[in-house]
Amino acid sequence: PRTIWLSRHGESMYNLEGKIGGDAGLSPRGLKYAEKLPELVRQSAGYRDLTVWISTLKRTAETSQHLPYKKLQWKALDELDAGVCDGMTYEEIENKFPEDFKARDDNKYEYRYRGGESYRDVVIRLEPIIMELERQENILIVTHQAVLRCIYAYFMNVPQEESPWMSIPLHTLIKLEPKAYGTTVTRIKANI
Ligand code: G3H
């Protein structure tokens with residue numbers, strides 16, 4: 001049966017510093033997750049062949065580096081673009097752009113970062129990805145939190161407006177099995 005696996009990239013140096021966006025490499029803990037990931041996938045997928053989709057950002061390439069499958073990079077899988085807030089912590093954003101910080105809190109789905117994107121923008125740019133996913137067999141997607149929230153909401157049949165609040169933890173492999181009556185979800189946490 002057709003299966004889709006989702007994983008965030010391993011913890012990055014920016015995650016450790018509480019910064020959003022950027023193109024940081026993985027932290028030592030994130031690199032451990034990358035080492036563990038082939039075993040987690042094997043546990044869940046057995047010897048099925050699959051294709052790995054990653055973004056164009058370093059942290060997804062590093063996370064997928066040990067996976068023994070064909071890999072495909074998609075620009076459309078890059079993280080939500082935080083525009084002028086790229087590289088800042090939430091505290092810095094709140095101090096520098098208090099109105100924006102509040103506007104995002106009021107409507108996280110529609111709020112578009114200055115010079116960047118909203119969740120709605122991400123949902124729209126993911127359309128080709130979703131279409132291609134519907135045509136494929138077994139795909140493992142290693143990408144970013146905001147992007148995974150939108151993909152997850154789609155397969156779980158949750159209204160897209162709720163995607164900003166989907167829980168997609170680090171260092172967890174999510175298995176989705178779309179069925180006629182709904183999608184079965186299994187979450188496998190890495191012990192690292
Ligand atoms: O900016 C990208 C983050 O991964 C998403 O976090 O939308 O909850 O701020 P946030």
# chains A, B, ... in the order shown; residues from 1 in each chain; ligands from 1
>>> residues_around(residues="His144 (chain A)", least_positions_apart="3", cutoff="12 Å", atoms="only C-alpha atoms", output="count of residues only")
41
>>> select_by_dssp(residues="chain A", states="strand (DSSP E or B)", output="MDAnalysis selection string")
chainID A and resid 4:8 12 19 26 51:54 70:73 89 139:143 172:179 182:189
>>> residues_around(residues="Ile188 (chain A)", least_positions_apart="3", cutoff="7 Å", atoms="only C-alpha atoms", output="PyMOL selection string")
chain A and resi 172-174
>>> write_last_selection(atoms="C-alpha atoms", output="compact mmCIF listing (two decimals), in the first residue's frame")
# COMPACT_ATOMS: atom_id res chain seq x y z
CA THR A 172 10.19 11.90 14.91
CA LEU A 173 9.35 9.92 11.79
CA ILE A 174 5.68 10.20 10.82
>>> residues_around(residues="Ile4 (chain A)", least_positions_apart="6", cutoff="6 Å", atoms="only C-alpha atoms", output="MDAnalysis selection string")
chainID A and resid 138:140 175:176
>>> select_by_dssp(residues="region 62-189 of chain A", states="helix (DSSP H, G or I)", output="PyMOL selection string")
chain A and resi 62-63+75-77+83-85+90-96+98-106+119-125+127-135+145-155+160-165
>>> write_last_selection(atoms="C-alpha atoms", output="JSON list (two decimals), in the first residue's frame")
[["chain", "number", "residue", "atom", "x", "y", "z"],
["A", 62, "GLU", "CA", 22.48, 16.74, 6.03],
["A", 63, "THR", "CA", 19.53, 14.94, 7.62],
["A", 75, "LYS", "CA", 12.68, 24.43, -4.02],
["A", 76, "ALA", "CA", 8.96, 24.26, -3.22],
["A", 77, "LEU", "CA", 9.85, 22.34, -0.03],
["A", 83, "GLY", "CA", 11.42, 37.85, 4.89],
["A", 84, "VAL", "CA", 12.97, 40.65, 6.95],
["A", 85, "CYS", "CA", 12.65, 38.47, 10.08],
["A", 90, "TYR", "CA", 10.84, 35.51, 18.22],
["A", 91, "GLU", "CA", 11.93, 37.88, 21.01],
["A", 92, "GLU", "CA", 13.86, 40.02, 18.53],
["A", 93, "ILE", "CA", 10.87, 40.07, 16.17],
["A", 94, "GLU", "CA", 8.55, 41.14, 19.00],
["A", 95, "ASN", "CA", 10.92, 44.00, 19.93],
["A", 96, "LYS", "CA", 11.64, 45.19, 16.41],
["A", 98, "PRO", "CA", 5.66, 44.60, 17.64],
["A", 99, "GLU", "CA", 2.66, 45.22, 15.34],
["A", 100, "ASP", "CA", 3.69, 42.41, 13.04],
["A", 101, "PHE", "CA", 4.21, 40.10, 15.99],
["A", 102, "LYS", "CA", 0.69, 40.82, 17.18],
["A", 103, "ALA", "CA", -0.81, 40.55, 13.69],
["A", 104, "ARG", "CA", 0.74, 37.11, 13.31],
["A", 105, "ASP", "CA", -0.60, 36.07, 16.70],
["A", 106, "ASP", "CA", -4.08, 37.23, 15.65],
["A", 119, "TYR", "CA", 1.11, 29.85, 5.64],
["A", 120, "ARG", "CA", -1.47, 30.45, 2.89],
["A", 121, "ASP", "CA", 1.39, 31.25, 0.47],
["A", 122, "VAL", "CA", 3.10, 27.99, 1.45],
["A", 123, "VAL", "CA", -0.09, 25.99, 0.89],
["A", 124, "ILE", "CA", -0.32, 27.45, -2.63],
["A", 125, "ARG", "CA", 3.29, 26.74, -3.55],
["A", 127, "GLU", "CA", 0.12, 22.38, -4.78],
["A", 128, "PRO", "CA", 2.52, 20.80, -7.35],
["A", 129, "ILE", "CA", 4.14, 18.77, -4.55],
["A", 130, "ILE", "CA", 0.76, 17.44, -3.39],
["A", 131, "MET", "CA", -0.23, 16.60, -6.98],
["A", 132, "GLU", "CA", 3.00, 14.70, -7.54],
["A", 133, "LEU", "CA", 2.64, 12.93, -4.17],
["A", 134, "GLU", "CA", -0.79, 11.69, -5.22],
["A", 135, "ARG", "CA", 0.81, 10.05, -8.30],
["A", 145, "GLN", "CA", 8.16, 22.53, 10.25],
["A", 146, "ALA", "CA", 5.80, 24.97, 8.52],
["A", 147, "VAL", "CA", 5.87, 23.00, 5.24],
["A", 148, "LEU", "CA", 5.21, 19.71, 7.03],
["A", 149, "ARG", "CA", 2.29, 21.23, 8.95],
["A", 150, "CYS", "CA", 0.62, 22.06, 5.62],
["A", 151, "ILE", "CA", 1.31, 18.64, 4.07],
["A", 152, "TYR", "CA", 0.13, 16.91, 7.23],
["A", 153, "ALA", "CA", -3.10, 18.94, 7.38],
["A", 154, "TYR", "CA", -3.79, 18.03, 3.75],
["A", 155, "PHE", "CA", -3.49, 14.26, 4.31],
["A", 160, "GLN", "CA", -5.67, 24.36, 5.86],
["A", 161, "GLU", "CA", -6.39, 27.31, 8.19],
["A", 162, "GLU", "CA", -5.50, 24.98, 11.07],
["A", 163, "SER", "CA", -2.13, 23.95, 9.64],
["A", 164, "PRO", "CA", -0.12, 26.53, 11.70],
["A", 165, "TRP", "CA", -1.02, 24.58, 14.86]]
>>> closest_residue(among="A:Ala82, A:Leu37, A:Met156, A:Met88", to="Ser64 (chain A)", atoms="only C-alpha atoms")
A:Leu37
>>> closest_residue(among="A:Asn107, A:Thr183, A:Asn191, A:Gln136", to="ligand 1", atoms="only C-alpha atoms and all ligand atoms")
A:Asn107
>>> residues_around(residues="Glu137 (chain A)", least_positions_apart="6", cutoff="12 Å", atoms="only C-alpha atoms", output="list of chain:residue names")
A:Pro1, A:Arg2, A:Thr3, A:Ile4, A:Trp5, A:Arg48, A:Asp49, A:Leu50, A:Thr51, A:Val52, A:Glu177, A:Pro178
